[in-house]
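Trainee: Sending over start.cif (mmCIF, C-alpha atoms).
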data_upload
loop_
_atom_site.label_atom_id
_atom_site.label_comp_id
_atom_site.auth_asym_id
_atom_site.auth_seq_id
_atom_site.Cartn_x
_atom_site.Cartn_y
_atom_site.Cartn_z
CA MET A 1 -14.36 4.56 -2.67
CA MET A 2 -13.40 3.37 0.78
CA LYS A 3 -15.74 0.94 2.49
CA ASP A 4 -16.14 1.87 6.19
CA ASP A 5 -12.51 3.04 6.16
CA LYS A 6 -10.97 -0.39 6.17
CA GLY A 7 -7.80 1.23 4.81
CA ARG A 8 -7.96 -0.39 1.39
CA GLY A 9 -7.67 1.57 -1.82
CA LEU A 10 -5.57 4.11 -3.67
CA PHE A 11 -3.73 6.85 -1.81
CA ARG A 12 -1.60 9.77 -3.04
CA ILE A 13 1.32 10.74 -0.81
CA THR A 14 0.91 14.39 0.25
CA SER A 15 3.61 14.73 2.93
CA MET A 16 6.70 12.86 4.03
CA GLY A 17 5.57 12.66 7.66
CA TYR A 18 8.35 11.03 9.66
CA GLU A 19 10.51 7.93 9.96
CA THR A 20 10.64 5.52 12.88
CA GLU A 21 13.35 2.92 13.46
CA ASP A 22 11.76 0.45 11.04
CA ALA A 23 8.98 2.31 9.20
CA TYR A 24 7.82 5.43 7.39
CA VAL A 25 4.67 7.31 8.37
CA LEU A 26 3.39 9.24 5.34
CA GLY A 27 0.59 11.76 4.94
CA ALA A 28 -1.87 10.88 2.17
CA VAL A 29 -5.30 11.42 0.65
CA ALA A 30 -7.57 8.76 -0.82
CA VAL A 31 -7.87 9.04 -4.62
CA ASN A 32 -9.89 7.37 -7.35
CA GLY A 33 -8.50 5.63 -10.44
CA HIS A 34 -7.99 9.01 -12.15
CA GLY A 35 -5.88 10.34 -9.26
CA ASP A 36 -8.59 12.74 -8.03
CA ARG A 37 -9.08 13.17 -4.29
CA VAL A 38 -12.10 11.24 -2.98
CA SER A 39 -12.90 13.21 0.19
CA ALA A 40 -11.96 16.70 1.36
CA ARG A 41 -12.79 15.77 4.98
CA LYS A 42 -10.54 12.74 5.37
CA TYR A 43 -6.81 12.63 5.53
CA TYR A 44 -4.63 9.62 6.15
CA ARG A 45 -1.41 8.75 7.90
CA ILE A 46 -0.03 5.53 6.52
CA LYS A 47 2.59 3.53 8.40
CA ILE A 48 4.64 1.32 6.08
CA GLN A 49 7.37 -1.01 7.37
CA ASP A 50 10.74 -0.40 5.68
CA THR A 51 10.73 -4.03 4.50
CA ASP A 52 7.38 -3.48 2.67
CA MET A 53 8.44 -0.22 0.97
CA PRO A 54 8.57 -0.87 -2.80
CA VAL A 55 10.46 2.37 -3.61
CA GLU A 56 11.68 5.45 -1.78
CA PRO A 57 8.54 7.47 -0.95
CA VAL A 58 8.03 10.74 -2.85
CA ILE A 59 5.18 13.24 -2.60
CA GLY A 60 2.71 12.69 -5.44
CA LEU A 61 3.18 8.94 -5.83
CA ILE A 62 0.03 6.84 -5.77
CA TRP A 63 0.03 3.64 -3.70
CA LYS A 64 -2.43 0.78 -3.53
CA VAL A 65 -2.78 0.04 0.18
CA SER A 66 -4.21 -2.88 2.12
CA ALA A 67 -4.45 -2.28 5.88
CA LYS A 68 -3.58 -4.53 8.78
CA GLU A 69 -5.47 -2.14 11.08
CA THR A 70 -6.92 1.38 11.01
CA THR A 71 -7.65 3.94 13.72
CA THR A 72 -10.11 6.74 12.96
CA THR A 73 -10.21 10.00 14.95
CA GLU A 74 -12.41 13.06 14.45
CA VAL A 75 -10.40 16.27 14.69
CA VAL A 76 -11.08 19.98 14.22
CA ARG A 77 -8.57 21.95 12.14
CA GLY A 78 -9.14 25.58 11.30
CA GLY A 79 -12.77 25.27 12.35
CA ALA A 80 -13.39 22.33 10.01
CA GLN A 81 -14.47 18.91 11.25
CA LEU A 82 -12.02 16.42 9.70
CA ILE A 83 -11.39 12.71 9.96
CA ASP A 84 -7.86 11.48 10.61
CA VAL A 85 -7.33 7.85 9.60
CA PHE A 86 -4.15 6.08 10.75
CA ILE A 87 -3.38 2.97 8.70
CA ARG A 88 -0.88 0.24 9.58
CA THR A 89 -0.31 -1.49 6.26
CA LYS A 90 -0.49 -5.15 5.45
CA SER A 91 0.75 -4.50 1.91
CA VAL A 92 1.52 -1.58 -0.41
CA ARG A 93 2.08 -1.41 -4.15
CA LEU A 94 3.22 1.54 -6.22
CA ILE A 95 0.77 2.57 -8.95
CA ILE A 96 2.60 4.17 -11.87
CA PRO A 97 0.46 6.23 -14.26
CA GLU A 98 0.53 3.95 -17.32
CA THR A 99 -1.91 5.72 -19.58
CA GLU A 100 -1.58 9.03 -21.39
CA ASN A 101 -4.45 10.59 -19.45
CA LEU A 102 -3.21 9.47 -16.02
CA PHE A 103 0.32 10.66 -16.79
CA THR A 104 -0.75 14.08 -18.06
CA HIS A 105 -3.18 14.44 -15.15
CA PHE A 106 -0.40 13.49 -12.71
CA VAL A 107 2.03 16.07 -14.14
CA PHE A 108 -0.65 18.75 -14.40
CA LYS A 109 -1.96 18.29 -10.82
CA GLU A 110 1.29 17.72 -8.92
CA PRO A 111 2.95 20.73 -7.24
CA HIS A 112 6.40 19.29 -8.12
CA PHE A 113 5.63 19.98 -11.78
CA VAL A 114 4.42 23.55 -11.32
CA GLY A 115 4.46 25.45 -14.60
CA GLN A 116 4.45 22.24 -16.65
CA GLY A 117 1.30 22.16 -18.71
CA GLU A 118 -0.87 19.26 -19.70
CA ALA A 119 0.04 19.76 -23.39
CA LEU A 120 3.75 19.35 -22.60
CA ALA A 121 3.14 16.21 -20.57
CA ARG A 122 0.99 14.79 -23.39
CA LYS A 123 3.77 15.43 -25.97
CA LEU A 124 6.32 13.64 -23.74
CA TRP A 125 3.96 10.71 -23.27
CA ILE A 126 3.23 10.40 -27.00
CA LYS A 127 6.98 10.28 -27.78
CA TYR A 128 8.23 8.07 -24.91
CA GLN A 129 5.20 6.34 -23.29
CA THR A 130 6.31 4.67 -20.01
CA GLY A 131 9.95 5.09 -21.16
CA ILE A 132 9.68 8.66 -19.83
CA TYR A 133 10.06 7.25 -16.30
CA GLU A 134 13.43 5.70 -17.12
CA LEU A 135 14.65 8.97 -18.68
CA LEU A 136 13.58 10.92 -15.60
CA ASP A 137 15.00 8.30 -13.18
CA ASN A 138 18.33 8.49 -14.99
CA LYS A 139 18.15 12.32 -14.89
CA ASP A 140 18.44 12.37 -18.70
CA VAL A 141 17.76 16.01 -19.56
CA GLU A 142 18.79 15.68 -23.21
CA LYS A 143 16.32 13.17 -24.73
CA PRO A 144 13.13 14.80 -23.39
CA THR A 145 14.26 18.10 -24.98
CA PHE A 146 13.89 16.40 -28.40
CA VAL A 147 10.17 17.05 -27.88
CA ARG A 148 9.18 20.50 -29.20
CA GLY A 149 8.56 22.93 -26.35
CA VAL A 150 10.41 20.92 -23.69
CA THR A 151 13.36 22.77 -22.16
CA GLU A 152 16.10 21.45 -19.88
CA ALA A 153 14.63 23.57 -17.10
CA ALA A 154 11.24 21.87 -17.58
CA VAL A 155 12.84 18.42 -17.40
#
What does the file become when written as structure tokens?
Mentor:
Amino acid sequence: MMKDDKGRGLFRITSMGYETEDAYVLGAVAVNGHGDRVSARKYYRIKIQDTDMPVEPVIGLIWKVSAKETTTTEVVRGGAQLIDVFIRTKSVRLIIPETENLFTHFVFKEPHFVGQGEALARKLWIKYQTGIYELLDNKDVEKPTFVRGVTEAAV
């Protein structure tokens, strides 16, 4: 949980926001260690300097963030009272799901993997563990199809 919104904790990227000359501003929600959203009322805009960016940002990635400064504003959207938190980062670190449960949860919950069930994700994890990331990074559609039920389209 966030303490007084100091801008420290885990955040899942929910929108690409925009780029400035030397930084990205990304939309995010605070999440717990299982990747579940912490608050429905708070949303975050996180400004990360290009030089601090560990990898190209993608919706769904989870980052561990430490803030240089935060600005909190109350806003009303669609009749709901929400809290907008703008974070200028001191440091960011990519958190890769490194357990079977986190990986299957990540695949199951992320809109990018729509139609991909938890059972399929679990089978891939059991066969390849963290090696699945290398296969996906290299756009290898053949090896994951060695797992029963996994089609090229799913990969």
Trainee: Which is closer to Gln81 (chain A) than all the others in A:Ala40, A:Ile62, A:Ile46, A:Ala153, using only C-alpha atoms?
Mentor: A:Ala40
Trainee: Give the answer as one residue: which of A:Leu61, A:Asn32, A:Lys42, A:Glu142 has the shortest atom-to-atom distance to Ala80 (chain A), using all atoms listed in the file?
Mentor: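 Ranking A:Leu61, A:Asn32, A:Lys42, A:Glu142 by distance to Ala80 (chain A), first place goes to A:Lys42.
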Trainee: Might you pull out every residue within 6 Å of Lys90 (chain A), with all atoms listed in the file counted and same-chain residues fewer than 4 positions away left off, and present them as an mmCIF file with C-alpha atoms, in the frame of the given file?
Mentor:
data_model
loop_
_atom_site.group_PDB
_atom_site.id
_atom_site.type_symbol
_atom_site.label_atom_id
_atom_site.label_comp_id
_atom_site.auth_asym_id
_atom_site.auth_seq_id
_atom_site.Cartn_x
_atom_site.Cartn_y
_atom_site.Cartn_z
ATOM 1 C CA SER A 66 -4.210 -2.880 2.120
ATOM 2 C CA ALA A 67 -4.450 -2.280 5.880
ATOM 3 C CA LYS A 68 -3.580 -4.530 8.780
#
Trainee: Return as JSON lines the residues of region 54-152 of chain A lying at most 8 Å from region 10-30 of chain A, together with the closest atom-to-atom pair for each and the distance in Å to one decimal, counting all atoms listed in the file, with rows in chain order and ascending residue number.
Mentor:
{"residue": "A:Pro57", "atom": "CA", "partner": "A:Met16", "partner_atom": "CA", "distance": 7.6}
{"residue": "A:Val58", "atom": "CA", "partner": "A:Ile13", "partner_atom": "CA", "distance": 7.0}
{"residue": "A:Ile59", "atom": "CA", "partner": "A:Ile13", "partner_atom": "CA", "distance": 4.9}
{"residue": "A:Gly60", "atom": "CA", "partner": "A:Ile13", "partner_atom": "CA", "distance": 5.2}
{"residue": "A:Leu61", "atom": "CA", "partner": "A:Arg12", "partner_atom": "CA", "distance": 5.6}
{"residue": "A:Ile62", "atom": "CA", "partner": "A:Arg12", "partner_atom": "CA", "distance": 4.3}
{"residue": "A:Trp63", "atom": "CA", "partner": "A:Phe11", "partner_atom": "CA", "distance": 5.3}
{"residue": "A:Lys64", "atom": "CA", "partner": "A:Leu10", "partner_atom": "CA", "distance": 4.6}
{"residue": "A:Val65", "atom": "CA", "partner": "A:Leu10", "partner_atom": "CA", "distance": 6.3}
Trainee: Selected residues, C-alpha atoms, written as a CSV table (one decimal), in the coordinates of the input, please.
Mentor:
chain,number,residue,atom,x,y,z
A,57,PRO,CA,8.5,7.5,-1.0
A,58,VAL,CA,8.0,10.7,-2.8
A,59,ILE,CA,5.2,13.2,-2.6
A,60,GLY,CA,2.7,12.7,-5.4
A,61,LEU,CA,3.2,8.9,-5.8
A,62,ILE,CA,0.0,6.8,-5.8
A,63,TRP,CA,0.0,3.6,-3.7
A,64,LYS,CA,-2.4,0.8,-3.5
A,65,VAL,CA,-2.8,0.0,0.2
Trainee: Compile a residue-level contact table for region 64-110 of chain A against region 130-136 of chain A at a cut-off of 10 Å, reporting for every qualifying residue the shortest atom pair and its distance in Å to one decimal, with all atoms listed in the file counted, rows ordered by chain and ascending number, as CSV.
Mentor:
residue,atom,partner,partner_atom,distance
A:Ile96,CA,A:Thr130,CA,9.0
A:Pro97,CA,A:Thr130,CA,8.3
A:Glu98,CA,A:Thr130,CA,6.4
A:Thr99,CA,A:Thr130,CA,8.3
A:Glu100,CA,A:Thr130,CA,9.1
A:Phe103,CA,A:Thr130,CA,9.1
Trainee: So how many Å separate CA of Pro144 (chain A) and CA of Ile95 (chain A), to one decimal?
Mentor: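 That distance, rounded to one decimal, is 22.6 Å.
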Trainee: Evaluate the PyMOL selection byres ((chain A and resi 122) around 12) on the structure here and hand back the selected residues as a list of chain:residue names.
Mentor: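 Those residues are A:Thr99, A:Glu100, A:Asn101, A:Leu102, A:Phe103, A:Thr104, A:His105, A:Phe106, A:Val107, A:Phe108, A:Gln116, A:Gly117, A:Glu118, A:Ala119, A:Leu120, A:Ala121, A:Lys123, A:Leu124, A:Trp125, A:Ile126, A:Lys127, A:Tyr128, A:Gln129, A:Thr130, A:Ile132, A:Val147, A:Arg148, A:Gly149, A:Val150.
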